file coords_27.pdb (PDB, C-alpha atoms, pLDDT in the B column)
MODEL        1
ATOM      1  CA  MET A   1      22.871 -31.349 -20.695  1.00 75.00           C
ATOM      2  CA  TYR A   2      24.113 -28.491 -18.493  1.00 76.00           C
ATOM      3  CA  ARG A   3      25.936 -26.805 -21.382  1.00 80.00           C
ATOM      4  CA  ALA A   4      22.862 -27.091 -23.591  1.00 78.00           C
ATOM      5  CA  MET A   5      20.708 -25.416 -20.929  1.00 75.00           C
ATOM      6  CA  VAL A   6      23.257 -22.597 -20.478  1.00 78.00           C
ATOM      7  CA  ALA A   7      23.493 -22.121 -24.255  1.00 76.00           C
ATOM      8  CA  LEU A   8      19.692 -21.988 -24.563  1.00 68.00           C
ATOM      9  CA  LEU A   9      19.439 -19.497 -21.692  1.00 69.00           C
ATOM     10  CA  GLY A  10      22.200 -17.393 -23.240  1.00 71.00           C
ATOM     11  CA  PHE A  11      20.430 -17.442 -26.600  1.00 65.00           C
ATOM     12  CA  PHE A  12      17.228 -16.135 -25.050  1.00 63.00           C
ATOM     13  CA  MET A  13      19.062 -13.486 -23.044  1.00 63.00           C
ATOM     14  CA  VAL A  14      21.036 -12.214 -26.032  1.00 58.00           C
ATOM     15  CA  GLY A  15      17.913 -12.396 -28.187  1.00 57.00           C
ATOM     16  CA  ASN A  16      16.150  -9.966 -25.866  1.00 55.00           C
ATOM     17  CA  ILE A  17      18.886  -7.323 -25.965  1.00 55.00           C
ATOM     18  CA  ASP A  18      18.251  -4.835 -28.755  1.00 52.00           C
ATOM     19  CA  ALA A  19      21.952  -4.050 -29.251  1.00 51.00           C
ATOM     20  CA  PHE A  20      22.706  -7.663 -30.224  1.00 50.00           C
ATOM     21  CA  ARG A  21      19.834  -8.007 -32.659  1.00 51.00           C
ATOM     22  CA  GLY A  22      20.966  -8.066 -36.222  1.00 52.00           C
ATOM     23  CA  PRO A  23      18.977  -6.352 -38.944  1.00 53.00           C
ATOM     24  CA  GLY A  24      16.125  -8.516 -40.134  1.00 50.00           C
ATOM     25  CA  LEU A  25      16.437 -11.204 -37.454  1.00 50.00           C
ATOM     26  CA  TRP A  26      13.576  -9.882 -35.375  1.00 49.00           C
ATOM     27  CA  PRO A  27      11.148  -7.254 -36.574  1.00 52.00           C
ATOM     28  CA  HIS A  28      11.428  -4.018 -34.593  1.00 49.00           C
ATOM     29  CA  ARG A  29       8.313  -3.034 -32.711  1.00 51.00           C
ATOM     30  CA  GLY A  30       7.726   0.399 -31.327  1.00 49.00           C
ATOM     31  CA  MET A  31       6.947   0.302 -27.630  1.00 49.00           C
ATOM     32  CA  SER A  32       6.069   2.735 -24.944  1.00 46.00           C
ATOM     33  CA  MET A  33       8.760   3.391 -22.394  1.00 49.00           C
ATOM     34  CA  ARG A  34       6.185   2.751 -19.684  1.00 48.00           C
ATOM     35  CA  SER A  35       5.532  -0.892 -20.374  1.00 47.00           C
ATOM     36  CA  ARG A  36       6.401  -3.614 -22.819  1.00 50.00           C
ATOM     37  CA  HIS A  37       2.786  -3.741 -23.985  1.00 50.00           C
ATOM     38  CA  GLY A  38       2.906  -0.197 -25.313  1.00 49.00           C
ATOM     39  CA  LEU A  39       0.350   1.086 -22.806  1.00 48.00           C
ATOM     40  CA  ALA A  40       0.758   2.864 -19.530  1.00 48.00           C
ATOM     41  CA  PRO A  41       0.512   0.136 -16.861  1.00 49.00           C
ATOM     42  CA  MET A  42      -2.211   1.925 -14.898  1.00 47.00           C
ATOM     43  CA  SER A  43      -4.175   3.215 -17.875  1.00 47.00           C
ATOM     44  CA  SER A  44      -7.154   0.978 -17.276  1.00 49.00           C
ATOM     45  CA  ASN A  45      -8.976  -0.602 -14.400  1.00 49.00           C
ATOM     46  CA  ILE A  46      -7.550  -4.114 -14.416  1.00 48.00           C
ATOM     47  CA  THR A  47      -9.752  -5.427 -11.608  1.00 47.00           C
ATOM     48  CA  ALA A  48     -12.955  -4.538 -13.430  1.00 50.00           C
ATOM     49  CA  SER A  49     -11.781  -5.741 -16.838  1.00 51.00           C
ATOM     50  CA  GLY A  50     -11.139  -9.346 -15.867  1.00 58.00           C
ATOM     51  CA  GLY A  51      -7.853 -11.133 -16.210  1.00 64.00           C
ATOM     52  CA  ILE A  52      -6.468 -12.806 -13.125  1.00 69.00           C
ATOM     53  CA  ALA A  53      -8.401 -10.490 -10.812  1.00 63.00           C
ATOM     54  CA  GLY A  54     -11.633 -11.373 -12.588  1.00 66.00           C
ATOM     55  CA  PHE A  55     -10.790 -15.069 -12.367  1.00 70.00           C
ATOM     56  CA  PHE A  56     -10.292 -14.868  -8.604  1.00 72.00           C
ATOM     57  CA  GLY A  57     -13.322 -12.636  -8.118  1.00 70.00           C
ATOM     58  CA  ILE A  58     -11.522  -9.555  -6.831  1.00 73.00           C
ATOM     59  CA  ASN A  59     -14.098  -6.792  -6.696  1.00 75.00           C
ATOM     60  CA  ARG A  60     -12.379  -3.952  -4.886  1.00 76.00           C
ATOM     61  CA  ASP A  61     -13.725  -1.315  -7.261  1.00 78.00           C
ATOM     62  CA  THR A  62     -17.416  -2.154  -6.950  1.00 83.00           C
ATOM     63  CA  PRO A  63     -19.678   0.191  -4.957  1.00 88.00           C
ATOM     64  CA  GLU A  64     -20.296  -2.531  -2.363  1.00 90.00           C
ATOM     65  CA  ALA A  65     -16.560  -3.104  -1.889  1.00 87.00           C
ATOM     66  CA  LYS A  66     -15.886   0.618  -1.572  1.00 88.00           C
ATOM     67  CA  GLU A  67     -18.639   0.862   1.036  1.00 91.00           C
ATOM     68  CA  ASN A  68     -17.043  -2.027   2.960  1.00 90.00           C
ATOM     69  CA  GLN A  69     -13.642  -0.341   2.736  1.00 88.00           C
ATOM     70  CA  LEU A  70     -15.055   2.909   4.111  1.00 87.00           C
ATOM     71  CA  ALA A  71     -16.814   1.068   6.944  1.00 91.00           C
ATOM     72  CA  TRP A  72     -13.560  -0.708   7.817  1.00 88.00           C
ATOM     73  CA  ALA A  73     -11.633   2.593   7.722  1.00 86.00           C
ATOM     74  CA  ARG A  74     -14.183   4.274  10.014  1.00 87.00           C
ATOM     75  CA  GLU A  75     -13.940   1.359  12.429  1.00 89.00           C
ATOM     76  CA  GLN A  76     -10.134   1.546  12.481  1.00 87.00           C
ATOM     77  CA  MET A  77     -10.277   5.318  12.934  1.00 87.00           C
ATOM     78  CA  ALA A  78     -12.646   4.886  15.888  1.00 87.00           C
ATOM     79  CA  TYR A  79      -9.972   2.768  17.597  1.00 87.00           C
ATOM     80  CA  GLU A  80      -7.486   5.616  17.244  1.00 87.00           C
ATOM     81  CA  VAL A  81      -9.507   8.288  19.084  1.00 88.00           C
ATOM     82  CA  PRO A  82      -7.340   9.188  22.079  1.00 89.00           C
ATOM     83  CA  SER A  83      -8.757   8.786  25.561  1.00 87.00           C
ATOM     84  CA  SER A  84      -7.393  12.115  26.830  1.00 87.00           C
ATOM     85  CA  THR A  85      -5.783  15.314  25.644  1.00 82.00           C
ATOM     86  CA  LEU A  86      -2.185  16.276  26.398  1.00 83.00           C
ATOM     87  CA  ASP A  87      -3.323  18.342  29.383  1.00 83.00           C
ATOM     88  CA  GLY A  88      -5.269  15.361  30.802  1.00 86.00           C
ATOM     89  CA  THR A  89      -8.825  16.277  29.770  1.00 86.00           C
ATOM     90  CA  SER A  90     -10.894  13.172  29.036  1.00 90.00           C
ATOM     91  CA  ILE A  91     -12.137  12.529  25.468  1.00 89.00           C
ATOM     92  CA  ASP A  92     -15.298  10.439  25.200  1.00 89.00           C
ATOM     93  CA  ASP A  93     -15.674   9.803  21.444  1.00 88.00           C
ATOM     94  CA  ARG A  94     -14.986  11.270  18.009  1.00 89.00           C
ATOM     95  CA  GLU A  95     -17.580  14.037  18.381  1.00 92.00           C
ATOM     96  CA  ASP A  96     -16.064  15.089  21.689  1.00 93.00           C
ATOM     97  CA  PHE A  97     -12.611  14.944  20.075  1.00 93.00           C
ATOM     98  CA  VAL A  98     -13.739  17.284  17.268  1.00 94.00           C
ATOM     99  CA  THR A  99     -15.239  19.726  19.791  1.00 94.00           C
ATOM    100  CA  LYS A 100     -12.082  19.738  21.899  1.00 93.00           C
ATOM    101  CA  TYR A 101      -9.978  20.172  18.733  1.00 93.00           C
ATOM    102  CA  ILE A 102     -11.951  23.282  17.758  1.00 95.00           C
ATOM    103  CA  GLU A 103     -11.515  24.708  21.264  1.00 92.00           C
ATOM    104  CA  SER A 104      -7.809  23.872  21.322  1.00 91.00           C
ATOM    105  CA  GLU A 105      -7.106  25.459  17.933  1.00 93.00           C
ATOM    106  CA  LYS A 106      -8.916  28.635  19.007  1.00 93.00           C
ATOM    107  CA  ALA A 107      -7.149  28.819  22.373  1.00 92.00           C
ATOM    108  CA  LYS A 108      -3.620  27.962  21.186  1.00 91.00           C
ATOM    109  CA  PHE A 109      -3.470  29.480  17.711  1.00 92.00           C
ATOM    110  CA  GLY A 110      -6.469  31.817  17.529  1.00 93.00           C
ATOM    111  CA  ARG A 111      -7.722  29.807  14.581  1.00 92.00           C
ATOM    112  CA  GLU A 112     -11.463  29.804  13.911  1.00 93.00           C
ATOM    113  CA  LEU A 113     -12.553  26.445  12.492  1.00 92.00           C
ATOM    114  CA  THR A 114     -15.950  25.420  11.212  1.00 94.00           C
ATOM    115  CA  ARG A 115     -17.272  22.051  12.334  1.00 94.00           C
ATOM    116  CA  GLU A 116     -16.745  20.608   8.833  1.00 95.00           C
ATOM    117  CA  GLU A 117     -13.102  21.759   8.663  1.00 95.00           C
ATOM    118  CA  ALA A 118     -12.389  20.356  12.111  1.00 94.00           C
ATOM    119  CA  GLU A 119     -14.045  17.025  11.257  1.00 93.00           C
ATOM    120  CA  ARG A 120     -12.003  16.776   8.053  1.00 93.00           C
ATOM    121  CA  GLU A 121      -8.724  17.525   9.875  1.00 94.00           C
ATOM    122  CA  VAL A 122      -9.546  15.126  12.702  1.00 92.00           C
ATOM    123  CA  ASP A 123     -10.480  12.400  10.194  1.00 90.00           C
ATOM    124  CA  GLN A 124      -7.216  12.944   8.309  1.00 90.00           C
ATOM    125  CA  TRP A 125      -5.260  12.606  11.541  1.00 90.00           C
ATOM    126  CA  LEU A 126      -7.219   9.527  12.665  1.00 88.00           C
ATOM    127  CA  LEU A 127      -6.772   7.843   9.286  1.00 85.00           C
ATOM    128  CA  LYS A 128      -3.044   8.566   9.379  1.00 86.00           C
ATOM    129  CA  GLN A 129      -2.849   7.039  12.860  1.00 85.00           C
ATOM    130  CA  ALA A 130      -4.922   4.001  11.837  1.00 82.00           C
ATOM    131  CA  THR A 131      -2.815   3.235   8.765  1.00 79.00           C
ATOM    132  CA  PHE A 132       0.690   3.925  10.077  1.00 80.00           C
ATOM    133  CA  ALA A 133       2.013   0.360   9.886  1.00 69.00           C
ATOM    134  CA  PRO A 134       5.285   0.690  11.859  1.00 71.00           C
ATOM    135  CA  ALA A 135       3.325   1.887  14.873  1.00 69.00           C
ATOM    136  CA  LYS A 136       1.219  -1.284  14.700  1.00 73.00           C
ATOM    137  CA  SER A 137       4.197  -3.655  14.629  1.00 78.00           C
ATOM    138  CA  THR A 138       4.847  -5.535  17.838  1.00 83.00           C
ATOM    139  CA  ALA A 139       8.094  -7.146  18.914  1.00 86.00           C
ATOM    140  CA  ALA A 140       6.558 -10.538  18.080  1.00 89.00           C
ATOM    141  CA  ASP A 141       5.815  -9.371  14.511  1.00 87.00           C
ATOM    142  CA  ILE A 142       9.377  -8.234  13.986  1.00 88.00           C
ATOM    143  CA  PHE A 143      10.815 -11.393  15.556  1.00 93.00           C
ATOM    144  CA  LEU A 144       8.630 -13.570  13.327  1.00 93.00           C
ATOM    145  CA  ALA A 145       9.641 -11.630  10.199  1.00 91.00           C
ATOM    146  CA  VAL A 146      13.335 -11.955  11.050  1.00 92.00           C
ATOM    147  CA  ALA A 147      12.924 -15.683  11.836  1.00 94.00           C
ATOM    148  CA  VAL A 148      11.183 -16.338   8.517  1.00 94.00           C
ATOM    149  CA  PHE A 149      13.860 -14.413   6.606  1.00 92.00           C
ATOM    150  CA  LEU A 150      16.718 -16.185   8.374  1.00 91.00           C
ATOM    151  CA  GLY A 151      14.990 -19.538   7.960  1.00 91.00           C
ATOM    152  CA  ALA A 152      14.524 -19.047   4.232  1.00 90.00           C
ATOM    153  CA  PHE A 153      18.073 -17.719   3.850  1.00 88.00           C
ATOM    154  CA  GLY A 154      19.464 -20.601   5.884  1.00 85.00           C
ATOM    155  CA  VAL A 155      17.529 -23.204   3.900  1.00 85.00           C
ATOM    156  CA  GLY A 156      18.803 -21.662   0.673  1.00 82.00           C
ATOM    157  CA  ILE A 157      22.406 -21.808   1.845  1.00 84.00           C
ATOM    158  CA  PHE A 158      21.940 -25.364   3.122  1.00 82.00           C
ATOM    159  CA  LEU A 159      20.417 -26.577  -0.135  1.00 83.00           C
ATOM    160  CA  ASN A 160      23.075 -24.860  -2.247  1.00 84.00           C
ATOM    161  CA  GLY A 161      25.811 -26.401  -0.145  1.00 79.00           C
ATOM    162  CA  HIS A 162      24.586 -29.976  -0.652  1.00 71.00           C
TER     163      HIS A 162
ENDMDL
END

call {"tool": "encode", "arguments": {"input": "coords_27.pdb", "output": "structure tokens"}}
result
Amino acid sequence: MYRAMVALLGFFMVGNIDAFRGPGLWPHRGMSMRSRHGLAPMSSNITASGGIAGFFGINRDTPEAKENQLAWAREQMAYEVPSSTLDGTSIDDREDFVTKYIESEKAKFGRELTREEAEREVDQWLLKQATFAPAKSTAADIFLAVAVFLGAFGVGIFLNGH
């Protein structure tokens, strides 16, 4: 039984290697180098077109979902507004942060910023802070990840040994 399974697996593996295919055994199909389906993998919006995502009801590309994503991002960015500047001046909220950023850029670098430019730069910085995953990892997160990995690895070794 074991030899039959290995022979069947070997047949399928060799059958999928183009160099071992004899002429006329399998018809040659031209394929894109990007995917085996001949299309670029990201050429279409898979979540909107159905498939598994449609079956599970994933709607991340709908206007409502995008609005929810933006609201979540703004909420996370609000958590990242610092409470004080490096010189100890208190920062109340995002608007105060933008104002102090404009003043700081003018004082330190002589750079004149419009309110819109400053808001865009502050938002970019806040979003970067809110989405920087390693900074959000706690010691408990890392310990749990290592424990799960070692547990799975240990179970695999144990089961292969018996």

call {"tool": "atom_distance", "arguments": {"input": "coords_27.pdb", "atom1": "atom CA of Thr131 of chain A", "atom2": "atom CA of Glu80 of chain A"}}
result
10.0 Å

call {"tool": "atom_distance", "arguments": {"input": "coords_27.pdb", "atom1": "atom CA of Glu119 of chain A", "atom2": "atom CA of Met77 of chain A"}}
result
12.4 Å

call {"tool": "atom_distance", "arguments": {"input": "coords_27.pdb", "atom1": "atom CA of Leu86 of chain A", "atom2": "atom CA of Arg74 of chain A"}}
result
23.6 Å

call {"tool": "closest_residue", "arguments": {"input": "coords_27.pdb", "among": "A:Tyr101, A:Tyr2, A:Phe56, A:Tyr79", "to": "Leu127 of chain A", "atoms": "only C-alpha atoms"}}
result
A:Tyr79

call {"tool": "residues_around", "arguments": {"input": "coords_27.pdb", "residues": "segment 120-124 of chain A", "least_positions_apart": "2", "cutoff": "12 Å", "atoms": "only C-alpha atoms", "output": "VMD selection string"}}
result
chain A and resid 73 to 78 80 to 82 93 to 102 105 113 to 118 126 to 131

call {"tool": "write_last_selection", "arguments": {"input": "coords_27.pdb", "atoms": "C-alpha atoms", "output": "CSV table (one decimal), keeping the file's coordinate frame"}}
result
chain,number,residue,atom,x,y,z
A,73,ALA,CA,-11.6,2.6,7.7
A,74,ARG,CA,-14.2,4.3,10.0
A,75,GLU,CA,-13.9,1.4,12.4
A,76,GLN,CA,-10.1,1.5,12.5
A,77,MET,CA,-10.3,5.3,12.9
A,78,ALA,CA,-12.6,4.9,15.9
A,80,GLU,CA,-7.5,5.6,17.2
A,81,VAL,CA,-9.5,8.3,19.1
A,82,PRO,CA,-7.3,9.2,22.1
A,93,ASP,CA,-15.7,9.8,21.4
A,94,ARG,CA,-15.0,11.3,18.0
A,95,GLU,CA,-17.6,14.0,18.4
A,96,ASP,CA,-16.1,15.1,21.7
A,97,PHE,CA,-12.6,14.9,20.1
A,98,VAL,CA,-13.7,17.3,17.3
A,99,THR,CA,-15.2,19.7,19.8
A,100,LYS,CA,-12.1,19.7,21.9
A,101,TYR,CA,-10.0,20.2,18.7
A,102,ILE,CA,-12.0,23.3,17.8
A,105,GLU,CA,-7.1,25.5,17.9
A,113,LEU,CA,-12.6,26.4,12.5
A,114,THR,CA,-16.0,25.4,11.2
A,115,ARG,CA,-17.3,22.1,12.3
A,116,GLU,CA,-16.7,20.6,8.8
A,117,GLU,CA,-13.1,21.8,8.7
A,118,ALA,CA,-12.4,20.4,12.1
A,126,LEU,CA,-7.2,9.5,12.7
A,127,LEU,CA,-6.8,7.8,9.3
A,128,LYS,CA,-3.0,8.6,9.4
A,129,GLN,CA,-2.8,7.0,12.9
A,130,ALA,CA,-4.9,4.0,11.8
A,131,THR,CA,-2.8,3.2,8.8

call {"tool": "axis_aligned_box", "arguments": {"input": "coords_27.pdb", "around": "segment 125-129 of chain A", "padding_each_side": "8 Å", "output": "JSON"}}
result
{"center_x": -5.0, "center_y": 9.8, "center_z": 11.1, "size_x": 20.4, "size_y": 21.6, "size_z": 19.6}
